[in-house]
Amino acid sequence: MKESVRILVGEGLERCFADGSLSSGVMPPVVIEKPAHEEHGDFACNVAMAMAKAERKAPRQIAETLVKYMEDRDGIIESIEIAGPGFINFRIANAAWCRTLGAIEAAGADYGTSRAGGGSKVQVEFVSANPTGPLHIGHGRGAAIGDTICRLLAATGWDVTREFYYNDAGAQIANLALSVQARCLGIEPGDPRWPADGYQGEYIKDVARSYLDRETVDAGDQHVAGAGDPNDLDAIRRFAVAYLRREQDQDLLTFDVHFDVYFLESSLYTEGRVEAAVNRLIENGHTYEQDDALWLRTTDFGDDKDRVMRKSDGSYTYFVPDVAYHLAKWERGFVRVINEQGADHHSTITRVRAGLQALNAGIPQGWPEYVLHQMVTVMRGGEEVKISKRAGSYVTLRDLIDEVGRDATRFFFLMRKPDSQLVFDIDLAKQQSLENPVYYVQYAHARICSIFENAAEKGIAVPSFASAAMERLGTAEEMAIVKLLASFPEVVEGAAQAFEPHRITYYLQELAGSFHSFYNKNRVITEDMELAGARLFLLACVVRTLKNGLALLGVSAPEKM
RNA sequence: GCGCUCGUAGCUCAGCUGGAUAGAGCAUCAGACUACGAAUCUGAGGGCCGGGAGUUCGAAUCUCUCCGAGCGCGCCA
């Protein structure tokens with residue numbers, strides 16, 4: 001509908017230019033927006049004000065000329081008014097609004113989707129937790145946001161690859177192996193023999209026990225049996241990584257998050273990609289040696305200081321495989337790559353991009369794109385729960401799902417802009433009541449399903465769009481619903497473009513609210529079969545849209561609660 | 001000290017990428033079920049959009065500068 005208005009204005013402008021009524025000849029961007037106040041109509045256009053300077057005319061005068069040239073071929077306009085400093089306000093006819101509902105019936109589960117992405121490839125990397133412990137609440141937020149961004153992109157016509165980067169090499173993994181080994185030998189934290197910076201969590205004990213018991217672990221395509229030998233550090237490392245990966249996989253499965261590709265950091269070394277990337281950087285002259293280390297001149301690419309690539313002990317710093325990894329992404333044909341990660345890793349952005357530029361591989365400057373989510377603070381019993389992996393005290397994603405449920409957990413994580421910090425009050429989320437907006441939305445869905453059941457018992461079927469008497473709709477409550485329904489595709493498109501899943505959660509709350517208001521004021525099933533049919537059809541559209549919206553969030557739409 | 005993010009009602013947060021008179025939920029107060037699910041609805045109060053300056057027809061939104069919060073600033077990942 002918004003698009004129809006945009007075309008209406010655009011064509012009007014063209015005609016004005018064609019016959020000289022407007023002289024500047026510069027086509028301005030036509031912005032159509034929804035006014036904040038209802039008396040300003042359904043849509044407003046500010047183009048007359050934007051053109052005032054170029055045209056050297058008063059905005060209202062331009063608006064009046066333009067309005068004369070607009071031709072409402074589809075018969076959607078109720079009225080056009082010029083208001084305020086020069087806004088053109090459009091009011092859409094109720095009948096035209098109601099016609100948009102036909103699209104919902106026709107599209108069904110696809111309502112809200114678009115082809116904006118044109119089938120182009122996009123890769124989204126998210127979670128990418130180190131296999132050194134269970135997923136915590138921060139990973140949960142990343143999983144929910146990343147997964148929903150994938151769903152949004154897929155819904156708007158992108159060919160999405162979901163990827164998990166697996167840090168199975170490097171110092172943290174060595175540290176993990178040492179920690180498990182210590183537990184195998186019965187050494188506890190605090191013991192002088194306990195490894196420095198060892199992982200102290202209880203789960204390390206579980207890994208050790210399982211290893212000593214020679215259990216077999218299946219993770220992805222790996223099957224690793226515990227060797228049971230506490231002196232075989234390499235075997236312990238392989239087993240621990242597989243064990244913890246299996247735990248993470250199970251958590252993600254429970255959370256309904258799936259990946260297409262698990263990319264192993266270790267493969268970058270075995271395939272020589274790290275060496276190749278380093279050599280290329282050296283050849284391109286962006287490196288230098290100092291203090292027995294190899295440095296990358298990242299300051300040439302906007303970093304505030306240069307970074308060490310190869311330490312004096314010969315090993316690489318973490319960002320080197322990161323650069324090699326992203327080069328591999330580029331070579332795999334992903335012109336668009338989005339990395340979803342915690343804001344505590346934001347400093348890697350400059351470094352990775354700098355490294356990629358220094359490779360001189362034709363990679364655009366702003367590539368890859370990043371979505372950073374801010375930290376999650378966990379509250380329990382009115383107290384903040386401190387998260388410390390080393391000390392082993394933190395709220396895991398699994399704990400959360402067990403306590404709060406998958407739907408509420410996902411919805412809570414998605415309710416806020418990724419940019420803002422999130423306070424996850426476990427006690428609050430556990431209350432399955434008003435506090436939880438997810439129940440509000442789901443309740444609307446269940447309530448409508450119940451109405452349908454009731455109608456069916458009375459032998460009243462939900463009519464098709466063609467046979468429904470749509471002209472019978474027209475109350476303020478009904479029209480509010482219709483207009484919201486019509487805007488769903490734009491909301492999805494906007495959320496996908498901005499990587500902002502929270503827009504969907506707000507939309508769904510609003511749609512549910514508009515239904516609840518309608519419901520409390522109007523009866524659906526009445527003696528007037530024509531009106532009942534039209535309202536049932538309207539509610540069928542609401543159910544459809546609630547379901548599609550919830551699906552984008554990975555939240556279920558129950559028929560009974 | 002430097003960088004990133006944020007600062008909007010008592011609390012938790014939106015604000016459609018610069019629009020008209022600032023928006024929800026919770027909390028508070030006052031109301032609504034002898035018919036489709038009261039996990040709901042209707043109404044009221046509540047604001048220096050952190051402070052100041054600038055950009056322009058127009059700023060919560062863009063720029064600068066202070067103040068405050070979180071995160072990052074290692075030859076850790």
# chains A, B, ... in the order shown; residues from 1 in each chain; ligands from 1

call {"tool": "closest_atom_pairs", "arguments": {"of": "chain B", "to": "chain A", "cutoff": "10 Å", "atoms": "only C-alpha atoms (C1' of nucleotides)", "output": "tab-separated table"}}
result
residue	atom	partner	partner_atom	distance
B:C2	C1'	A:Asp304	CA	8.5
B:G3	C1'	A:Asp304	CA	8.3
B:C4	C1'	A:His346	CA	6.8
B:U5	C1'	A:Asp419	CA	6.5
B:C6	C1'	A:Ser420	CA	6.5
B:U12	C1'	A:Val423	CA	8.7
B:C13	C1'	A:Arg416	CA	7.4
B:A14	C1'	A:Tyr506	CA	7.8
B:C16	C1'	A:Glu33	CA	7.4
B:U17	C1'	A:Ala498	CA	9.3
B:G19	C1'	A:Asn46	CA	7.7
B:A20	C1'	A:Gly84	CA	6.6
B:U21	C1'	A:His37	CA	8.6
B:A22	C1'	A:Ala36	CA	9.7
B:G23	C1'	A:Ala36	CA	9.4
B:A24	C1'	A:Glu510	CA	8.9
B:G25	C1'	A:Pro437	CA	8.3
B:C26	C1'	A:Glu435	CA	7.2
B:A32	C1'	A:Asn520	CA	9.5
B:C33	C1'	A:Asn520	CA	9.9
B:A35	C1'	A:Arg523	CA	9.0
B:C36	C1'	A:Ile451	CA	5.3
B:G37	C1'	A:Arg447	CA	5.9
B:A39	C1'	A:Ser433	CA	6.1
B:U40	C1'	A:His516	CA	6.5
B:C41	C1'	A:Asn520	CA	5.6
B:U42	C1'	A:Ser517	CA	9.2
B:C57	C1'	A:Met49	CA	7.5
B:G58	C1'	A:Pro85	CA	9.4
B:G70	C1'	A:Met375	CA	7.8
B:C71	C1'	A:Asp344	CA	5.5
B:G72	C1'	A:Asp344	CA	6.0
B:C73	C1'	A:Ser347	CA	8.2
B:C75	C1'	A:Lys311	CA	4.5
B:C76	C1'	A:Ala171	CA	8.0
B:A77	C1'	A:Tyr318	CA	6.2

call {"tool": "write_last_selection", "arguments": {"atoms": "C-alpha atoms (C1' of nucleotides)", "output": "PDB file, in the first residue's frame"}}
result
ATOM      1  C1'   C B   2      42.141   6.181  23.554  1.00  0.00           C
ATOM      2  C1'   G B   3      38.236   3.364  20.825  1.00  0.00           C
ATOM      3  C1'   C B   4      33.152   1.086  20.335  1.00  0.00           C
ATOM      4  C1'   U B   5      28.021   1.134  22.219  1.00  0.00           C
ATOM      5  C1'   C B   6      24.450   3.490  25.038  1.00  0.00           C
ATOM      6  C1'   U B  12      12.125  -1.961  31.308  1.00  0.00           C
ATOM      7  C1'   C B  13      12.317  -0.206  26.484  1.00  0.00           C
ATOM      8  C1'   A B  14      10.279   1.605  21.209  1.00  0.00           C
ATOM      9  C1'   C B  16       9.663   3.564  10.859  1.00  0.00           C
ATOM     10  C1'   U B  17      16.989   5.964   9.068  1.00  0.00           C
ATOM     11  C1'   G B  19       9.058  15.483  10.037  1.00  0.00           C
ATOM     12  C1'   A B  20       3.610  17.709  12.425  1.00  0.00           C
ATOM     13  C1'   U B  21       1.155  17.688  19.474  1.00  0.00           C
ATOM     14  C1'   A B  22       6.848  12.268  22.287  1.00  0.00           C
ATOM     15  C1'   G B  23       5.032   6.225  22.317  1.00  0.00           C
ATOM     16  C1'   A B  24       4.211   1.198  24.530  1.00  0.00           C
ATOM     17  C1'   G B  25       4.493  -2.452  28.623  1.00  0.00           C
ATOM     18  C1'   C B  26       5.131  -2.800  33.904  1.00  0.00           C
ATOM     19  C1'   A B  32     -15.329  -3.439  32.276  1.00  0.00           C
ATOM     20  C1'   C B  33     -17.296 -10.646  32.063  1.00  0.00           C
ATOM     21  C1'   A B  35     -22.672 -15.122  25.152  1.00  0.00           C
ATOM     22  C1'   C B  36     -16.860 -16.477  21.110  1.00  0.00           C
ATOM     23  C1'   G B  37     -10.601 -17.936  26.511  1.00  0.00           C
ATOM     24  C1'   A B  39      -3.225 -14.870  30.347  1.00  0.00           C
ATOM     25  C1'   U B  40      -7.994  -9.718  28.128  1.00  0.00           C
ATOM     26  C1'   C B  41      -9.957  -4.710  27.567  1.00  0.00           C
ATOM     27  C1'   U B  42     -11.192   0.944  28.631  1.00  0.00           C
ATOM     28  C1'   C B  57      12.086  25.195   6.706  1.00  0.00           C
ATOM     29  C1'   G B  58      12.188  21.236  10.894  1.00  0.00           C
ATOM     30  C1'   G B  70      28.827  -0.798  29.908  1.00  0.00           C
ATOM     31  C1'   C B  71      32.571  -3.120  26.996  1.00  0.00           C
ATOM     32  C1'   G B  72      37.403  -3.267  24.784  1.00  0.00           C
ATOM     33  C1'   C B  73      42.460  -1.453  24.707  1.00  0.00           C
ATOM     34  C1'   C B  75      53.548 -11.256  21.718  1.00  0.00           C
ATOM     35  C1'   C B  76      45.156 -13.807  25.457  1.00  0.00           C
ATOM     36  C1'   A B  77      40.988 -15.749  22.135  1.00  0.00           C
TER      37        A B  77
END

call {"tool": "residues_around", "arguments": {"residues": "A53 (chain B)", "least_positions_apart": "4", "cutoff": "12 Å", "atoms": "only C-alpha atoms (C1' of nucleotides)", "output": "list in words"}}
result
U63, C64, U65 and C66 of chain B

call {"tool": "residues_around", "arguments": {"residues": "region 94-110 of chain A", "least_positions_apart": "2", "cutoff": "6 Å", "atoms": "only C-alpha atoms (C1' of nucleotides)", "output": "short mmCIF file (atom, residue, chain, number, x, y, z; two decimals) with N, CA and C atoms, in the first residue's frame"}}
result
data_model
loop_
_atom_site.label_atom_id
_atom_site.label_comp_id
_atom_site.auth_asym_id
_atom_site.auth_seq_id
_atom_site.Cartn_x
_atom_site.Cartn_y
_atom_site.Cartn_z
N ILE A 76 -7.59 3.95 -4.89
CA ILE A 76 -7.29 3.62 -3.49
C ILE A 76 -7.47 4.82 -2.57
N THR A 113 7.04 -12.42 3.07
CA THR A 113 8.31 -12.64 2.38
C THR A 113 8.39 -11.76 1.14
N PHE A 465 -11.48 -15.34 0.76
CA PHE A 465 -11.47 -13.90 0.52
C PHE A 465 -12.53 -13.53 -0.51
#

call {"tool": "select_by_dssp", "arguments": {"residues": "region 407-535 of chain A", "states": "alpha helix (DSSP H)", "output": "MDAnalysis selection string"}}
result
chainID A and resid 407:414 426:430 437:457 476:498 502:521 529:535

call {"tool": "select_by_dssp", "arguments": {"residues": "region 14-94 of chain A", "states": "strand (DSSP E)", "output": "list in words"}}
result
Ile32, Glu33, Phe43, Ala44, Cys45, Ile77, Glu78, Ser79, Ile80, Glu81, Ile82, Ala83, Phe87, Ile88, Asn89, Phe90, Arg91 and Ile92 of chain A

call {"tool": "residues_around", "arguments": {"residues": "region 542-544 of chain A", "least_positions_apart": "3", "cutoff": "6 Å", "atoms": "only C-alpha atoms (C1' of nucleotides)", "output": "MDAnalysis selection string"}}
result
chainID A and resid 445 539 547

call {"tool": "write_last_selection", "arguments": {"atoms": "C-alpha atoms", "output": "JSON list (two decimals), in the first residue's frame"}}
result
[["chain", "number", "residue", "atom", "x", "y", "z"],
["A", 445, "HIS", "CA", -3.19, -16.72, 18.56],
["A", 539, "LEU", "CA", -9.12, -13.18, 12.07],
["A", 547, "LYS", "CA", 2.12, -17.42, 12.96]]

call {"tool": "closest_residue", "arguments": {"among": "B:G45, B:G68, B:G15, B:G1", "to": "C29 (chain B)", "atoms": "only C-alpha atoms (C1' of nucleotides)"}}
result
B:G45

call {"tool": "closest_residue", "arguments": {"among": "A:Ile88, A:Leu178, A:Val278, A:Ala354", "to": "Ala235 (chain A)", "atoms": "only C-alpha atoms"}}
result
A:Leu178

call {"tool": "atom_distance", "arguments": {"atom1": "CA of Gly355 (chain A)", "atom2": "CA of Arg280 (chain A)"}}
result
10.5 Å

call {"tool": "atom_distance", "arguments": {"atom1": "CA of Leu511 (chain A)", "atom2": "CA of Val462 (chain A)"}}
result
20.2 Å

call {"tool": "residues_around", "arguments": {"residues": "C49 (chain B)", "least_positions_apart": "6", "cutoff": "10 Å", "atoms": "only C-alpha atoms (C1' of nucleotides)", "output": "list in words"}}
result
G7, U8, A22 and A60 of chain B

call {"tool": "write_last_selection", "arguments": {"atoms": "N, CA, C and O atoms (P, O5', C5', C4', C3', O3' and C1' of nucleotides)", "output": "PDB file, in the first residue's frame"}}
result
ATOM      1  P     G B   7      20.298   5.493  23.749  1.00  0.00           P
ATOM      2  O5'   G B   7      20.415   6.042  25.238  1.00  0.00           O
ATOM      3  C5'   G B   7      19.960   5.250  26.332  1.00  0.00           C
ATOM      4  C4'   G B   7      20.194   5.994  27.641  1.00  0.00           C
ATOM      5  C3'   G B   7      19.437   7.307  27.770  1.00  0.00           C
ATOM      6  O3'   G B   7      19.010   7.496  29.109  1.00  0.00           O
ATOM      7  C1'   G B   7      21.751   7.693  27.981  1.00  0.00           C
ATOM      8  P     U B   8      17.565   7.059  29.522  1.00  0.00           P
ATOM      9  O5'   U B   8      16.659   7.880  28.507  1.00  0.00           O
ATOM     10  C5'   U B   8      16.435   9.256  28.725  1.00  0.00           C
ATOM     11  C4'   U B   8      15.155   9.681  28.061  1.00  0.00           C
ATOM     12  C3'   U B   8      13.909   8.968  28.552  1.00  0.00           C
ATOM     13  O3'   U B   8      13.419   9.510  29.757  1.00  0.00           O
ATOM     14  C1'   U B   8      13.917   8.960  26.194  1.00  0.00           C
ATOM     15  P     A B  22       4.945  16.759  21.639  1.00  0.00           P
ATOM     16  O5'   A B  22       5.167  15.212  21.471  1.00  0.00           O
ATOM     17  C5'   A B  22       5.659  14.693  20.249  1.00  0.00           C
ATOM     18  C4'   A B  22       5.859  13.214  20.398  1.00  0.00           C
ATOM     19  C3'   A B  22       4.762  12.542  21.217  1.00  0.00           C
ATOM     20  O3'   A B  22       4.505  11.240  20.693  1.00  0.00           O
ATOM     21  C1'   A B  22       6.848  12.268  22.287  1.00  0.00           C
ATOM     22  P     A B  60      13.773  17.112  18.939  1.00  0.00           P
ATOM     23  O5'   A B  60      14.161  15.832  19.808  1.00  0.00           O
ATOM     24  C5'   A B  60      15.240  15.890  20.725  1.00  0.00           C
ATOM     25  C4'   A B  60      15.839  14.529  20.933  1.00  0.00           C
ATOM     26  C3'   A B  60      16.675  14.030  19.758  1.00  0.00           C
ATOM     27  O3'   A B  60      18.001  14.446  19.877  1.00  0.00           O
ATOM     28  C1'   A B  60      15.116  12.365  20.415  1.00  0.00           C
TER      29        A B  60
END

call {"tool": "residues_around", "arguments": {"residues": "region 174-177 of chain A", "least_positions_apart": "3", "cutoff": "8 Å", "atoms": "only C-alpha atoms (C1' of nucleotides)", "output": "PDB file with C-alpha atoms, in the first residue's frame"}}
result
ATOM      1  CA  THR A 132      35.983 -24.757  26.152  1.00  0.00           C
ATOM      2  CA  ALA A 169      43.203 -24.648  17.760  1.00  0.00           C
ATOM      3  CA  GLY A 170      45.239 -22.209  19.797  1.00  0.00           C
ATOM      4  CA  ALA A 171      46.111 -21.485  23.368  1.00  0.00           C
ATOM      5  CA  VAL A 180      40.970 -31.833  31.908  1.00  0.00           C
ATOM      6  CA  GLN A 181      44.245 -33.636  32.422  1.00  0.00           C
ATOM      7  CA  PRO A 195      47.545 -25.209  35.554  1.00  0.00           C
ATOM      8  CA  ASP A 197      44.508 -19.993  34.033  1.00  0.00           C
ATOM      9  CA  GLY A 198      42.991 -23.476  34.029  1.00  0.00           C
ATOM     10  CA  TYR A 199      39.251 -23.816  33.526  1.00  0.00           C
ATOM     11  CA  LEU A 233      47.507 -34.894  26.385  1.00  0.00           C
ATOM     12  CA  ASP A 234      46.744 -34.993  22.664  1.00  0.00           C
ATOM     13  CA  ILE A 236      42.601 -35.623  26.014  1.00  0.00           C
ATOM     14  CA  ARG A 237      42.479 -32.523  23.834  1.00  0.00           C
ATOM     15  CA  ALA A 240      37.509 -32.698  25.360  1.00  0.00           C
TER      16      ALA A 240
END

call {"tool": "atom_distance", "arguments": {"atom1": "CA of Thr475 (chain A)", "atom2": "CA of Met529 (chain A)"}}
result
17.1 Å

call {"tool": "decode", "arguments": {"residues": "chain B", "atoms": "C-alpha atoms (C1' of nucleotides)", "output": "PDB file, in the first residue's frame"}}
result
ATOM      1  C1'   G B   1      44.024   8.313  28.534  1.00  0.00           C
ATOM      2  C1'   C B   2      42.141   6.181  23.554  1.00  0.00           C
ATOM      3  C1'   G B   3      38.236   3.364  20.825  1.00  0.00           C
ATOM      4  C1'   C B   4      33.152   1.086  20.335  1.00  0.00           C
ATOM      5  C1'   U B   5      28.021   1.134  22.219  1.00  0.00           C
ATOM      6  C1'   C B   6      24.450   3.490  25.038  1.00  0.00           C
ATOM      7  C1'   G B   7      21.751   7.693  27.981  1.00  0.00           C
ATOM      8  C1'   U B   8      13.917   8.960  26.194  1.00  0.00           C
ATOM      9  C1'   A B   9       7.907   8.517  31.891  1.00  0.00           C
ATOM     10  C1'   G B  10       9.182   5.826  38.742  1.00  0.00           C
ATOM     11  C1'   C B  11      11.094   0.814  36.144  1.00  0.00           C
ATOM     12  C1'   U B  12      12.125  -1.961  31.308  1.00  0.00           C
ATOM     13  C1'   C B  13      12.317  -0.206  26.484  1.00  0.00           C
ATOM     14  C1'   A B  14      10.279   1.605  21.209  1.00  0.00           C
ATOM     15  C1'   G B  15      10.573   5.761  18.083  1.00  0.00           C
ATOM     16  C1'   C B  16       9.663   3.564  10.859  1.00  0.00           C
ATOM     17  C1'   U B  17      16.989   5.964   9.068  1.00  0.00           C
ATOM     18  C1'   G B  18      15.609  14.372   9.618  1.00  0.00           C
ATOM     19  C1'   G B  19       9.058  15.483  10.037  1.00  0.00           C
ATOM     20  C1'   A B  20       3.610  17.709  12.425  1.00  0.00           C
ATOM     21  C1'   U B  21       1.155  17.688  19.474  1.00  0.00           C
ATOM     22  C1'   A B  22       6.848  12.268  22.287  1.00  0.00           C
ATOM     23  C1'   G B  23       5.032   6.225  22.317  1.00  0.00           C
ATOM     24  C1'   A B  24       4.211   1.198  24.530  1.00  0.00           C
ATOM     25  C1'   G B  25       4.493  -2.452  28.623  1.00  0.00           C
ATOM     26  C1'   C B  26       5.131  -2.800  33.904  1.00  0.00           C
ATOM     27  C1'   A B  27       4.056  -0.108  38.365  1.00  0.00           C
ATOM     28  C1'   U B  28       0.094   3.555  40.529  1.00  0.00           C
ATOM     29  C1'   C B  29      -5.107   5.120  40.479  1.00  0.00           C
ATOM     30  C1'   A B  30     -10.282   4.516  38.463  1.00  0.00           C
ATOM     31  C1'   G B  31     -13.479   1.246  35.604  1.00  0.00           C
ATOM     32  C1'   A B  32     -15.329  -3.439  32.276  1.00  0.00           C
ATOM     33  C1'   C B  33     -17.296 -10.646  32.063  1.00  0.00           C
ATOM     34  C1'   U B  34     -25.318 -14.140  33.346  1.00  0.00           C
ATOM     35  C1'   A B  35     -22.672 -15.122  25.152  1.00  0.00           C
ATOM     36  C1'   C B  36     -16.860 -16.477  21.110  1.00  0.00           C
ATOM     37  C1'   G B  37     -10.601 -17.936  26.511  1.00  0.00           C
ATOM     38  C1'   A B  38     -10.362 -11.706  32.097  1.00  0.00           C
ATOM     39  C1'   A B  39      -3.225 -14.870  30.347  1.00  0.00           C
ATOM     40  C1'   U B  40      -7.994  -9.718  28.128  1.00  0.00           C
ATOM     41  C1'   C B  41      -9.957  -4.710  27.567  1.00  0.00           C
ATOM     42  C1'   U B  42     -11.192   0.944  28.631  1.00  0.00           C
ATOM     43  C1'   G B  43      -9.535   5.436  30.920  1.00  0.00           C
ATOM     44  C1'   A B  44      -6.259   8.777  34.080  1.00  0.00           C
ATOM     45  C1'   G B  45      -1.795  10.701  35.929  1.00  0.00           C
ATOM     46  C1'   G B  46       3.390  10.644  34.801  1.00  0.00           C
ATOM     47  C1'   G B  47       8.735  13.931  30.086  1.00  0.00           C
ATOM     48  C1'   C B  48      14.426  19.804  30.176  1.00  0.00           C
ATOM     49  C1'   C B  49      14.386  12.896  24.958  1.00  0.00           C
ATOM     50  C1'   G B  50      21.684  13.410  30.198  1.00  0.00           C
ATOM     51  C1'   G B  51      23.650  19.145  29.794  1.00  0.00           C
ATOM     52  C1'   G B  52      25.297  22.866  26.254  1.00  0.00           C
ATOM     53  C1'   A B  53      26.384  24.626  21.290  1.00  0.00           C
ATOM     54  C1'   G B  54      25.882  23.947  15.936  1.00  0.00           C
ATOM     55  C1'   U B  55      23.775  22.295  10.947  1.00  0.00           C
ATOM     56  C1'   U B  56      18.138  23.803   8.423  1.00  0.00           C
ATOM     57  C1'   C B  57      12.086  25.195   6.706  1.00  0.00           C
ATOM     58  C1'   G B  58      12.188  21.236  10.894  1.00  0.00           C
ATOM     59  C1'   A B  59      16.574  17.531  15.487  1.00  0.00           C
ATOM     60  C1'   A B  60      15.116  12.365  20.415  1.00  0.00           C
ATOM     61  C1'   U B  61      17.395  11.250  15.420  1.00  0.00           C
ATOM     62  C1'   C B  62      23.062  14.412  12.045  1.00  0.00           C
ATOM     63  C1'   U B  63      28.006  17.293  13.882  1.00  0.00           C
ATOM     64  C1'   C B  64      30.990  19.159  17.964  1.00  0.00           C
ATOM     65  C1'   U B  65      31.742  19.436  23.231  1.00  0.00           C
ATOM     66  C1'   C B  66      31.076  18.224  28.271  1.00  0.00           C
ATOM     67  C1'   C B  67      28.723  14.605  32.062  1.00  0.00           C
ATOM     68  C1'   G B  68      27.448   9.544  33.177  1.00  0.00           C
ATOM     69  C1'   A B  69      27.144   3.906  32.263  1.00  0.00           C
ATOM     70  C1'   G B  70      28.827  -0.798  29.908  1.00  0.00           C
ATOM     71  C1'   C B  71      32.571  -3.120  26.996  1.00  0.00           C
ATOM     72  C1'   G B  72      37.403  -3.267  24.784  1.00  0.00           C
ATOM     73  C1'   C B  73      42.460  -1.453  24.707  1.00  0.00           C
ATOM     74  C1'   G B  74      48.387  -8.260  25.938  1.00  0.00           C
ATOM     75  C1'   C B  75      53.548 -11.256  21.718  1.00  0.00           C
ATOM     76  C1'   C B  76      45.156 -13.807  25.457  1.00  0.00           C
ATOM     77  C1'   A B  77      40.988 -15.749  22.135  1.00  0.00           C
TER      78        A B  77
END
